[in-house]
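Okay, data.txt is below, compact mmCIF, C-alpha atoms and all ligand atoms:
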# COMPACT_ATOMS: atom_id res chain seq x y z
CA MET E 118 119.26 104.20 93.80
CA PRO E 119 119.54 107.47 95.78
CA GLU E 120 121.59 107.16 98.98
CA ASP E 121 119.00 108.63 101.30
CA LEU E 122 116.64 105.67 100.86
CA PRO E 123 115.38 104.12 104.08
CA ASN E 124 116.67 100.67 104.97
CA SER E 125 113.04 99.67 105.34
CA TYR E 126 110.10 100.61 103.15
CA MET E 127 107.70 99.68 105.93
CA THR E 128 108.36 102.43 108.49
CA GLY E 129 106.21 105.16 106.94
CA PRO E 130 104.48 107.48 107.27
CA ASP E 131 106.49 109.89 109.46
CA GLU E 132 104.92 111.80 112.36
CA ALA E 133 103.39 114.36 110.01
CA GLY E 134 101.83 111.55 108.02
CA ARG E 135 104.20 111.92 105.09
CA PHE E 136 105.61 109.30 102.76
CA GLY E 137 108.53 111.29 101.36
CA ILE E 138 106.91 114.46 100.03
CA PHE E 139 103.49 112.79 99.73
CA GLY E 140 100.60 112.39 102.17
CA GLY E 141 100.36 114.71 105.17
CA ARG E 142 97.20 116.42 106.38
CA PHE E 143 96.05 119.45 104.49
CA VAL E 144 92.85 120.12 106.40
CA SER E 145 90.96 123.06 107.86
CA GLU E 146 91.46 124.06 111.50
CA THR E 147 87.98 122.77 112.29
CA LEU E 148 88.85 119.29 111.05
CA MET E 149 92.22 119.10 112.78
CA PRO E 150 91.02 118.12 116.30
CA LEU E 151 88.96 115.26 114.81
CA ILE E 152 91.89 113.96 112.83
CA LEU E 153 94.18 114.16 115.86
CA GLU E 154 91.69 112.32 118.06
CA LEU E 155 91.32 109.62 115.44
CA GLU E 156 95.08 109.27 115.15
CA GLU E 157 95.53 108.95 118.88
CA ARG E 158 92.78 106.35 119.23
CA TYR E 159 94.03 104.36 116.25
CA GLU E 160 97.62 104.38 117.56
CA PHE E 161 96.31 102.96 120.80
CA ALA E 162 94.04 100.35 119.17
CA LYS E 163 96.86 99.23 116.88
CA THR E 164 98.90 97.97 119.83
CA ASP E 165 95.91 96.51 121.69
CA PRO E 166 95.72 92.72 121.24
CA SER E 167 91.98 92.74 122.04
CA PHE E 168 91.35 95.02 119.04
CA TRP E 169 93.03 92.56 116.68
CA ALA E 170 91.35 89.61 118.35
CA GLU E 171 87.97 91.18 117.62
CA MET E 172 89.03 91.78 113.99
CA GLN E 173 90.28 88.23 113.63
CA ASP E 174 87.06 86.78 114.97
CA LEU E 175 84.94 88.78 112.49
CA TRP E 176 87.33 88.15 109.60
CA THR E 177 86.91 84.43 110.23
CA HIS E 178 83.21 84.18 110.98
CA TYR E 179 81.66 87.14 109.15
CA VAL E 180 83.93 87.85 106.17
CA GLY E 181 85.18 84.30 105.54
CA ARG E 182 88.93 84.81 105.80
CA PRO E 183 91.50 83.59 105.02
CA SER E 184 90.70 83.87 101.32
CA PRO E 185 92.28 81.07 99.27
CA LEU E 186 95.49 81.39 97.25
CA TYR E 187 94.47 79.62 94.06
CA HIS E 188 96.71 78.21 91.34
CA ALA E 189 95.08 79.25 88.04
CA GLU E 190 96.18 76.15 86.17
CA ARG E 191 94.42 76.57 82.84
CA LEU E 192 95.31 80.24 82.60
CA THR E 193 98.93 79.34 83.35
CA GLN E 194 98.87 76.67 80.62
CA HIS E 195 97.15 78.98 78.16
CA LEU E 196 99.71 81.76 78.62
CA GLY E 197 102.57 79.25 78.58
CA GLY E 198 104.99 80.98 80.95
CA ALA E 199 104.96 82.02 84.60
CA LYS E 200 102.95 80.10 87.21
CA ILE E 201 99.90 82.19 88.09
CA TYR E 202 98.21 82.36 91.47
CA MET E 203 95.12 84.38 92.38
CA LYS E 204 94.49 85.75 95.86
CA ARG E 205 90.75 85.16 96.08
CA ASP E 206 89.47 88.24 97.96
CA GLU E 207 86.42 88.24 95.71
CA LEU E 208 85.09 85.43 97.93
CA ASN E 209 84.74 87.77 100.92
CA HIS E 210 81.30 88.69 102.21
CA THR E 211 80.01 91.57 100.03
CA GLY E 212 82.23 90.41 97.16
CA ALA E 213 85.41 92.43 97.45
CA HIS E 214 88.27 93.51 99.70
CA LYS E 215 86.48 96.65 100.94
CA ILE E 216 85.01 94.94 103.99
CA ASN E 217 88.51 94.20 105.42
CA ASN E 218 88.97 97.92 105.97
CA VAL E 219 85.38 98.78 106.92
CA LEU E 220 85.42 96.25 109.76
CA GLY E 221 88.59 97.79 111.17
CA GLN E 222 87.26 101.34 111.07
CA ILE E 223 83.90 100.42 112.53
CA ILE E 224 85.38 98.42 115.39
CA LEU E 225 87.48 101.52 116.09
CA ALA E 226 84.41 103.78 115.85
CA ARG E 227 82.60 101.62 118.40
CA ARG E 228 85.56 101.85 120.75
CA MET E 229 85.48 105.63 120.35
CA GLY E 230 81.80 105.63 121.33
CA LYS E 231 80.60 106.85 117.91
CA THR E 232 77.07 105.90 116.89
CA ARG E 233 76.76 107.44 113.44
CA ILE E 234 78.95 106.32 110.53
CA ILE E 235 79.37 108.34 107.35
CA ALA E 236 81.07 107.20 104.15
CA GLU E 237 81.64 108.33 100.57
CA THR E 238 81.11 105.99 97.68
CA GLY E 239 81.63 106.06 93.91
CA ALA E 240 80.44 102.84 92.31
CA GLY E 241 78.76 101.92 95.58
CA GLN E 242 80.99 99.05 96.73
CA HIS E 243 82.40 100.87 99.75
CA GLY E 244 78.93 102.19 100.58
CA VAL E 245 77.53 98.66 100.53
CA ALA E 246 80.36 97.30 102.70
CA THR E 247 79.86 100.15 105.20
CA ALA E 248 76.07 99.75 105.25
CA THR E 249 76.57 96.00 105.81
CA VAL E 250 78.80 96.37 108.86
CA CYS E 251 76.60 99.17 110.26
CA ALA E 252 73.57 96.88 110.01
CA LYS E 253 75.49 94.16 111.81
CA PHE E 254 76.30 96.49 114.71
CA GLY E 255 73.09 98.54 114.73
CA LEU E 256 74.82 101.81 113.81
CA LYS E 257 73.28 104.68 111.88
CA CYS E 258 74.79 104.86 108.39
CA VAL E 259 74.83 107.80 105.98
CA VAL E 260 76.45 107.38 102.56
CA TYR E 261 77.39 110.31 100.33
CA MET E 262 77.21 109.42 96.66
CA GLY E 263 77.52 111.65 93.60
CA ALA E 264 74.11 112.26 92.02
CA HIS E 265 75.51 111.03 88.73
CA ASP E 266 76.66 107.79 90.36
CA VAL E 267 73.30 107.32 92.13
CA GLU E 268 71.74 107.12 88.68
CA ARG E 269 74.41 104.86 87.18
CA GLN E 270 74.61 102.46 90.13
CA ALA E 271 70.97 101.81 91.02
CA PRO E 272 71.48 98.20 92.26
CA ASN E 273 74.04 99.31 94.86
CA VAL E 274 71.83 102.23 95.95
CA PHE E 275 69.03 99.72 96.56
CA ARG E 276 71.37 97.36 98.43
CA MET E 277 72.42 100.18 100.75
CA LYS E 278 68.78 101.07 101.39
CA LEU E 279 67.90 97.43 102.12
CA LEU E 280 70.73 97.42 104.64
CA GLY E 281 69.21 100.44 106.36
CA ALA E 282 71.57 103.16 105.15
CA GLU E 283 70.56 106.64 104.09
CA VAL E 284 72.02 107.53 100.68
CA ILE E 285 72.54 111.26 100.09
CA PRO E 286 72.95 112.22 96.42
CA VAL E 287 75.67 114.86 96.04
CA THR E 288 75.01 117.56 93.45
CA SER E 289 77.96 119.85 94.19
CA GLY E 290 80.82 119.93 91.68
CA ARG E 291 80.19 117.34 89.02
CA GLY E 292 78.28 115.00 91.28
CA THR E 293 80.84 112.19 91.40
CA LEU E 294 83.12 110.48 93.92
CA LYS E 295 85.45 113.44 94.48
CA ASP E 296 82.48 115.66 95.41
CA ALA E 297 80.95 112.96 97.62
CA MET E 298 84.20 112.85 99.60
CA ASN E 299 84.19 116.63 100.04
CA ASP E 300 80.61 116.54 101.36
CA ALA E 301 81.42 113.69 103.73
CA LEU E 302 84.33 115.73 105.16
CA ARG E 303 81.94 118.68 105.63
CA ASP E 304 79.40 116.47 107.40
CA TRP E 305 82.12 115.23 109.75
CA VAL E 306 83.05 118.74 110.87
CA THR E 307 79.42 119.63 111.59
CA ASN E 308 78.61 116.40 113.47
CA VAL E 309 81.76 116.02 115.52
CA ARG E 310 80.34 114.43 118.65
CA ASP E 311 78.70 111.24 117.42
CA THR E 312 80.09 110.76 113.90
CA PHE E 313 82.92 108.63 112.50
CA TYR E 314 84.05 109.06 108.89
CA CYS E 315 84.84 105.67 107.32
CA ILE E 316 87.02 106.32 104.22
CA GLY E 317 87.05 103.64 101.53
CA THR E 318 90.61 103.71 100.24
CA VAL E 319 94.19 104.67 101.17
CA ALA E 320 93.43 108.38 100.63
CA GLY E 321 92.38 111.32 102.81
CA PRO E 322 94.41 113.11 105.50
CA HIS E 323 96.78 111.19 107.82
CA PRO E 324 96.12 108.75 109.54
CA TYR E 325 93.68 107.34 106.95
CA PRO E 326 96.16 106.17 104.29
CA ALA E 327 98.23 104.27 106.88
CA MET E 328 95.21 102.97 108.80
CA VAL E 329 93.40 101.65 105.71
CA ARG E 330 96.66 100.06 104.53
CA ASP E 331 97.11 98.34 107.90
CA PHE E 332 93.59 96.88 107.73
CA GLN E 333 94.01 95.72 104.13
CA SER E 334 97.47 94.24 104.81
CA ILE E 335 95.77 91.02 105.86
CA ILE E 336 95.69 90.28 102.10
CA GLY E 337 99.48 90.33 101.73
CA LYS E 338 100.13 88.64 105.07
CA GLU E 339 97.94 85.71 104.14
CA ALA E 340 99.35 85.52 100.60
CA LYS E 341 102.90 85.40 101.96
CA ALA E 342 102.15 82.57 104.38
CA GLN E 343 100.08 80.67 101.80
CA MET E 344 102.85 80.92 99.20
CA GLN E 345 105.38 79.63 101.75
CA GLU E 346 103.13 76.67 102.33
CA ARG E 347 102.47 75.97 98.63
CA GLU E 348 105.86 76.69 97.10
CA GLY E 349 108.21 77.04 100.08
CA ARG E 350 109.29 80.51 99.02
CA LEU E 351 108.22 84.06 98.19
CA PRO E 352 106.44 84.95 94.92
CA ASP E 353 108.57 86.63 92.23
CA THR E 354 105.95 89.14 91.10
CA ILE E 355 102.83 90.53 92.79
CA ILE E 356 100.23 92.51 90.85
CA ALA E 357 97.09 94.47 91.79
CA ALA E 358 94.68 96.96 90.24
CA ILE E 359 94.62 100.53 91.53
CA GLY E 360 91.68 102.88 92.00
CA GLY E 361 92.63 104.72 95.18
CA GLY E 362 95.07 101.91 95.86
CA SER E 363 93.80 100.05 98.94
CA ASN E 364 93.67 96.47 97.68
CA ALA E 365 97.08 97.00 96.09
CA MET E 366 98.63 98.49 99.27
CA GLY E 367 97.12 95.57 101.21
CA LEU E 368 98.84 93.03 98.98
CA PHE E 369 102.10 95.00 98.56
CA PHE E 370 102.84 96.19 102.09
CA PRO E 371 104.03 92.91 103.68
CA PHE E 372 106.38 92.37 100.70
CA LEU E 373 107.98 95.84 100.56
CA ASP E 374 111.16 94.75 102.33
CA ASP E 375 111.60 91.59 100.24
CA PRO E 376 113.83 92.91 97.45
CA SER E 377 113.42 89.79 95.28
CA VAL E 378 109.69 90.49 94.94
CA ASN E 379 108.76 92.54 91.90
CA ILE E 380 105.76 94.81 92.67
CA ILE E 381 103.40 96.08 89.96
CA GLY E 382 100.37 98.38 90.29
CA VAL E 383 97.92 98.54 87.38
CA GLU E 384 96.01 101.76 86.71
CA ALA E 385 92.94 102.21 84.52
CA GLY E 386 94.09 103.29 81.07
CA GLY E 387 90.53 103.81 79.78
CA LYS E 388 90.65 104.67 76.11
CA GLY E 389 94.42 105.23 76.26
CA VAL E 390 96.73 107.38 78.42
CA ASP E 391 97.10 110.56 76.33
CA ASP E 392 96.01 114.22 76.27
CA ARG E 393 92.33 113.39 75.81
CA MET E 394 92.39 112.41 79.50
CA GLU E 395 89.93 109.57 78.94
CA HIS E 396 91.67 107.43 81.55
CA CYS E 397 92.20 107.24 85.31
CA ALA E 398 95.94 106.66 85.45
CA SER E 399 96.90 109.22 88.11
CA LEU E 400 100.53 108.10 88.34
CA THR E 401 101.23 107.38 84.70
CA GLY E 402 99.20 110.35 83.40
CA GLY E 403 98.92 112.88 86.26
CA ARG E 404 101.14 115.10 88.42
CA PRO E 405 101.45 115.96 92.13
CA GLY E 406 98.90 118.23 93.81
CA VAL E 407 96.68 118.32 96.91
CA LEU E 408 93.24 116.70 97.17
CA HIS E 409 91.17 115.42 100.10
CA GLY E 410 93.77 116.39 102.67
CA ASN E 411 96.89 114.83 101.17
CA ARG E 412 99.56 115.50 98.58
CA THR E 413 99.71 112.91 95.83
CA TYR E 414 99.60 112.35 92.09
CA LEU E 415 96.33 113.64 90.61
CA LEU E 416 94.59 113.96 87.27
CA GLN E 417 94.51 117.68 86.64
CA ASP E 418 94.44 120.20 83.83
CA ALA E 419 97.05 122.91 83.17
CA ASP E 420 95.39 125.19 85.79
CA GLY E 421 95.41 122.55 88.50
CA GLN E 422 91.68 121.81 88.20
CA ILE E 423 90.96 118.19 89.14
CA LEU E 424 89.75 116.15 86.19
CA GLU E 425 87.17 113.40 86.50
CA GLY E 426 88.93 110.74 84.51
CA TYR E 427 87.26 107.84 82.82
CA SER E 428 87.36 104.03 83.04
CA ILE E 429 85.06 101.17 82.02
CA SER E 430 85.41 100.19 85.66
CA ALA E 431 83.49 102.49 88.00
CA GLY E 432 85.64 101.35 90.96
CA LEU E 433 88.82 102.67 89.38
CA ASP E 434 87.71 106.20 88.52
CA TYR E 435 89.15 108.09 91.49
CA PRO E 436 91.18 111.08 90.18
CA GLY E 437 93.96 110.49 92.72
CA ILE E 438 96.00 107.64 94.15
CA GLY E 439 97.03 106.88 97.73
CA PRO E 440 100.13 108.90 98.74
CA GLU E 441 102.12 105.81 99.66
CA HIS E 442 101.88 104.63 96.05
CA SER E 443 103.16 108.02 94.85
CA TRP E 444 106.14 107.55 97.14
CA LEU E 445 106.77 103.91 96.11
CA HIS E 446 106.69 105.13 92.52
CA GLU E 447 109.19 107.92 93.16
CA VAL E 448 111.66 105.76 95.10
CA GLY E 449 111.27 103.03 92.49
CA ARG E 450 110.17 100.22 94.84
CA ALA E 451 107.02 99.54 92.80
CA THR E 452 106.28 99.86 89.10
CA TYR E 453 103.04 101.34 87.80
CA VAL E 454 101.55 100.55 84.41
CA SER E 455 98.19 101.11 82.75
CA ILE E 456 95.73 98.82 80.99
CA THR E 457 93.00 99.96 78.60
CA ASP E 458 89.28 99.14 78.72
CA ALA E 459 89.67 96.83 75.73
CA GLU E 460 92.52 94.88 77.33
CA ALA E 461 90.58 94.54 80.59
CA LEU E 462 87.50 93.27 78.74
CA GLU E 463 89.55 90.61 77.03
CA ALA E 464 91.07 89.47 80.33
CA PHE E 465 87.59 89.46 81.91
CA GLN E 466 86.32 87.00 79.29
CA LEU E 467 89.40 84.80 79.38
CA CYS E 468 89.13 84.47 83.16
CA CYS E 469 85.47 83.41 82.87
CA GLN E 470 86.23 80.83 80.19
CA LEU E 471 89.44 79.31 81.54
CA GLU E 472 88.96 79.49 85.29
CA GLY E 473 85.20 79.63 85.90
CA ILE E 474 85.67 82.88 87.79
CA ILE E 475 83.76 86.02 86.77
CA PRO E 476 86.12 88.76 87.95
CA ALA E 477 85.21 92.37 88.70
CA LEU E 478 86.39 94.76 85.99
CA GLU E 479 88.96 96.23 88.41
CA PRO E 480 91.02 93.03 88.90
CA ALA E 481 90.47 92.26 85.21
CA HIS E 482 92.92 95.15 84.68
CA ALA E 483 95.51 93.39 86.86
CA LEU E 484 94.85 90.14 85.02
CA ALA E 485 95.33 91.85 81.66
CA HIS E 486 98.81 92.86 82.73
CA VAL E 487 99.52 89.30 83.88
CA MET E 488 98.52 88.21 80.34
CA LYS E 489 101.07 90.64 78.92
CA ILE E 490 104.06 89.56 81.00
CA ALA E 491 103.47 85.88 81.86
CA PRO E 492 104.23 84.34 78.43
CA ALA E 493 107.81 85.67 78.38
CA LEU E 494 108.61 84.52 81.94
CA PRO E 495 110.01 81.08 82.91
CA ALA E 496 107.73 78.36 84.29
CA ASP E 497 109.23 78.67 87.78
CA HIS E 498 108.40 82.40 88.00
CA LEU E 499 105.62 82.75 90.59
CA ILE E 500 103.02 85.49 90.07
CA VAL E 501 100.32 86.47 92.58
CA MET E 502 97.54 88.70 91.28
CA ASN E 503 94.92 90.11 93.61
CA MET E 504 91.44 88.97 92.58
CA CYS E 505 90.01 91.75 94.72
CA GLY E 506 86.36 91.59 93.62
CA ARG E 507 83.76 89.48 91.87
CA GLY E 508 82.08 90.50 88.65
CA ASP E 509 78.36 90.18 89.42
CA LYS E 510 78.10 93.97 89.63
CA ASP E 511 79.74 94.37 86.22
CA ILE E 512 77.85 91.98 83.99
CA PHE E 513 75.53 94.74 82.69
CA THR E 514 78.47 96.93 81.68
CA VAL E 515 80.23 94.02 80.02
CA ALA E 516 77.04 92.94 78.20
CA ARG E 517 76.69 96.45 76.79
CA HIS E 518 80.28 96.50 75.56
CA LEU E 519 79.97 93.06 74.00
CA GLY E 520 76.71 94.00 72.29
CA PHE E 521 74.63 91.47 74.25
CA ASP E 522 70.99 92.50 74.77
CA MET E 523 69.91 91.74 78.36
CA LYS E 524 66.25 92.53 77.56
CA ILE E 525 65.54 94.17 80.92
C1 LIG D 1 86.66 99.73 95.12
C2 LIG D 1 87.32 98.68 94.36
C3 LIG D 1 88.60 98.88 93.78
C4 LIG D 1 89.35 100.17 93.86
O1 LIG D 1 89.74 100.54 95.14
P1 LIG D 1 91.22 100.36 95.69
O2 LIG D 1 91.24 101.22 96.89
O3 LIG D 1 92.17 100.79 94.63
O4 LIG D 1 91.40 98.92 96.01
C5 LIG D 1 89.18 97.83 93.10
N1 LIG D 1 88.54 96.64 92.97
C6 LIG D 1 87.33 96.42 93.50
C7 LIG D 1 86.72 95.08 93.30
C8 LIG D 1 86.68 97.42 94.21
O5 LIG D 1 85.46 97.19 94.73
The structure given in the file should be rewritten as structure tokens.
Ligand SMILES: *Cc1c(COP(=O)(O)O)cnc(C)c1O
Amino acid sequence: MPEDLPNSYMTGPDEAGRFGIFGGRFVSETLMPLILELEERYEFAKTDPSFWAEMQDLWTHYVGRPSPLYHAERLTQHLGGAKIYMKRDELNHTGAHKINNVLGQIILARRMGKTRIIAETGAGQHGVATATVCAKFGLKCVVYMGAHDVERQAPNVFRMKLLGAEVIPVTSGRGTLKDAMNDALRDWVTNVRDTFYCIGTVAGPHPYPAMVRDFQSIIGKEAKAQMQEREGRLPDTIIAAIGGGSNAMGLFFPFLDDPSVNIIGVEAGGKGVDDRMEHCASLTGGRPGVLHGNRTYLLQDADGQILEGYSISAGLDYPGIGPEHSWLHEVGRATYVSITDAEALEAFQLCCQLEGIIPALEPAHALAHVMKIAPALPADHLIVMNMCGRGDKDIFTVARHLGFDMKI
């Protein structure tokens, strides 16, 4: 390992918001004062016990935390190697980990006196979580969503509307998540006084990547304590799927300074990580560039144009990855691999049949990697995979791929 490595992996980002050469804040002058105000208010909230007490109360009574750490006994038996645990974040209100972060940002927004919340969404999961918490607090909610995604994700568009949110279809660019995020940033600059921008993953300009990570770290904190209680020690391997990287950062962060813990992030390999670019593996198939206010690994062509990427899982098709993951990759603290659509589909079905859990297609990618490595590991090797979302939203996609006619 290089000698200039920090003696802790948990001190970042630095004052400029950088993790090594990644992260930072590449924003226009008009956006800068908003970002600085947010940073100042978050730094204050972070050390305020009443802020965390409010979070804890809502996590317990609204979200349903702590989520269980579940020993997947039949899956363990079936694979015949390592002992497999699932961190059950799919049991949260709204069906995924997204609400952990949304609650944090909206409590902060309320403390800042903001009354209008804006968000970007791709598949619609972050939009639904944001609309949910806005309804709970009586806040105005505006969700930017690529026009293409509005068509593909009708059930989530309807959910957001039921929850009182306004969904704005974005037609700029190619009308997908990347463009929705650009429009949300533009909205923020033009509605400075009353608006708070609630970002859905560990991306965007500093302080978002660190702030979202801090809110999602409840996943890893709980998993660590629960594993102590169950097994009296740390897990040997922890694994999570990566879109932008927030559920993974949430699981990984509390374990970064435990050198015995092997950390693996799983990207969407789509139809295979090669020159056709029909995948979303930003780390394994991309290179560094700047997008949405930070420097990180991105899917791009030879001219630096951002590519859309492709995955069977709509929640994984962000063309970038959180800057902290880029750094963990470069310093070698975490390993990043990719899993194809076909492998994820197989894991999806196995999980249904052996555990009675219909997983979202995103964590099915993490599970597929568990299936690859578990058989060769000893029975006392403890794996924790993050079951970060439930599969109700994905059954139509899976039915289509399996050739099942839903007749609707
Ligand atoms: C949104 C989403 C993801 C991808 O986002 P991350 O920031 O990488 O966690 C993964 N899984 C589920 C279930 C999601 O809803």
Write out as a ChimeraX atom specification which residues come within 12 Å of Met488 of chain E when counting only C-alpha atoms, dropping same-chain ones fewer than 2 positions away. /E:192-201,356,456,460-461,463-465,467-468,481-486,490-494,500,502
Non-local contacts of Tyr126 of chain E (12 Å; only C-alpha atoms; under 6 positions in same chain excluded) as a list in words: Phe136, Gly137, Phe369, Phe370, Pro371, Phe372, Leu373, Asp374, Asp375, Pro376, Glu441, His442, Trp444, Leu445, Val448, Gly449, Arg450 and Ala451 of chain E
Limited to C-alpha atoms, could you put the picked residues into a file as a tab-separated table (two decimals), in the coordinates of the input?
chain	number	residue	atom	x	y	z
E	136	PHE	CA	105.61	109.30	102.76
E	137	GLY	CA	108.53	111.29	101.36
E	369	PHE	CA	102.10	95.00	98.56
E	370	PHE	CA	102.84	96.19	102.09
E	371	PRO	CA	104.03	92.91	103.68
E	372	PHE	CA	106.38	92.37	100.70
E	373	LEU	CA	107.98	95.84	100.56
E	374	ASP	CA	111.16	94.75	102.33
E	375	ASP	CA	111.60	91.59	100.24
E	376	PRO	CA	113.83	92.91	97.45
E	441	GLU	CA	102.12	105.81	99.66
E	442	HIS	CA	101.88	104.63	96.05
E	444	TRP	CA	106.14	107.55	97.14
E	445	LEU	CA	106.77	103.91	96.11
E	448	VAL	CA	111.66	105.76	95.10
E	449	GLY	CA	111.27	103.03	92.49
E	450	ARG	CA	110.17	100.22	94.84
E	451	ALA	CA	107.02	99.54	92.80
Any chance you could tabulate, as JSON lines, the residues of chain E at most 7 Å from ligand LIG 1 (chain D) with each one's nearest atom pair and distance in Å to one decimal, using all atoms listed in the file, in chain and rising number order?
{"residue": "E:Ala213", "atom": "CA", "partner": "D:LIG1", "partner_atom": "C7", "distance": 5.1}
{"residue": "E:His214", "atom": "CA", "partner": "D:LIG1", "partner_atom": "C7", "distance": 6.8}
{"residue": "E:Lys215", "atom": "CA", "partner": "D:LIG1", "partner_atom": "O5", "distance": 6.3}
{"residue": "E:Gln242", "atom": "CA", "partner": "D:LIG1", "partner_atom": "O5", "distance": 5.2}
{"residue": "E:His243", "atom": "CA", "partner": "D:LIG1", "partner_atom": "C1", "distance": 6.4}
{"residue": "E:Gly317", "atom": "CA", "partner": "D:LIG1", "partner_atom": "O2", "distance": 6.7}
{"residue": "E:Thr318", "atom": "CA", "partner": "D:LIG1", "partner_atom": "O2", "distance": 4.2}
{"residue": "E:Val319", "atom": "CA", "partner": "D:LIG1", "partner_atom": "O2", "distance": 6.2}
{"residue": "E:Ala358", "atom": "CA", "partner": "D:LIG1", "partner_atom": "C5", "distance": 6.3}
{"residue": "E:Ile359", "atom": "CA", "partner": "D:LIG1", "partner_atom": "O3", "distance": 4.0}
{"residue": "E:Gly360", "atom": "CA", "partner": "D:LIG1", "partner_atom": "O3", "distance": 3.4}
{"residue": "E:Gly361", "atom": "CA", "partner": "D:LIG1", "partner_atom": "O3", "distance": 4.0}
{"residue": "E:Gly362", "atom": "CA", "partner": "D:LIG1", "partner_atom": "O3", "distance": 3.3}
{"residue": "E:Ser363", "atom": "CA", "partner": "D:LIG1", "partner_atom": "O2", "distance": 3.5}
{"residue": "E:Asn364", "atom": "CA", "partner": "D:LIG1", "partner_atom": "O4", "distance": 3.7}
{"residue": "E:Ala365", "atom": "CA", "partner": "D:LIG1", "partner_atom": "O4", "distance": 6.0}
{"residue": "E:Gly432", "atom": "CA", "partner": "D:LIG1", "partner_atom": "C1", "distance": 4.6}
{"residue": "E:Leu433", "atom": "CA", "partner": "D:LIG1", "partner_atom": "C4", "distance": 5.2}
{"residue": "E:Ala477", "atom": "CA", "partner": "D:LIG1", "partner_atom": "C7", "distance": 5.5}
{"residue": "E:Glu479", "atom": "CA", "partner": "D:LIG1", "partner_atom": "N1", "distance": 4.6}
{"residue": "E:Pro480", "atom": "CA", "partner": "D:LIG1", "partner_atom": "N1", "distance": 6.0}
{"residue": "E:Cys505", "atom": "CA", "partner": "D:LIG1", "partner_atom": "C7", "distance": 4.9}
{"residue": "E:Gly506", "atom": "CA", "partner": "D:LIG1", "partner_atom": "C7", "distance": 3.5}
{"residue": "E:Arg507", "atom": "CA", "partner": "D:LIG1", "partner_atom": "C7", "distance": 6.5}
What does the distance from atom CA of Val144 of chain E to atom CA of Ala301 of chain E come to in Å, to one decimal?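 Separation between atom CA of Val144 of chain E and atom CA of Ala301 of chain E: 13.4 Å.
Nearest residue to Asp311 of chain E, choosing from E:Gly437, E:Pro272, E:Gly230, E:Pro495 and counting all atoms listed in the file: E:Gly230.
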How far is it from atom CA of Ala431 of chain E to atom CA of Ala240 of chain E, in Å with one decimal? 5.3 Å
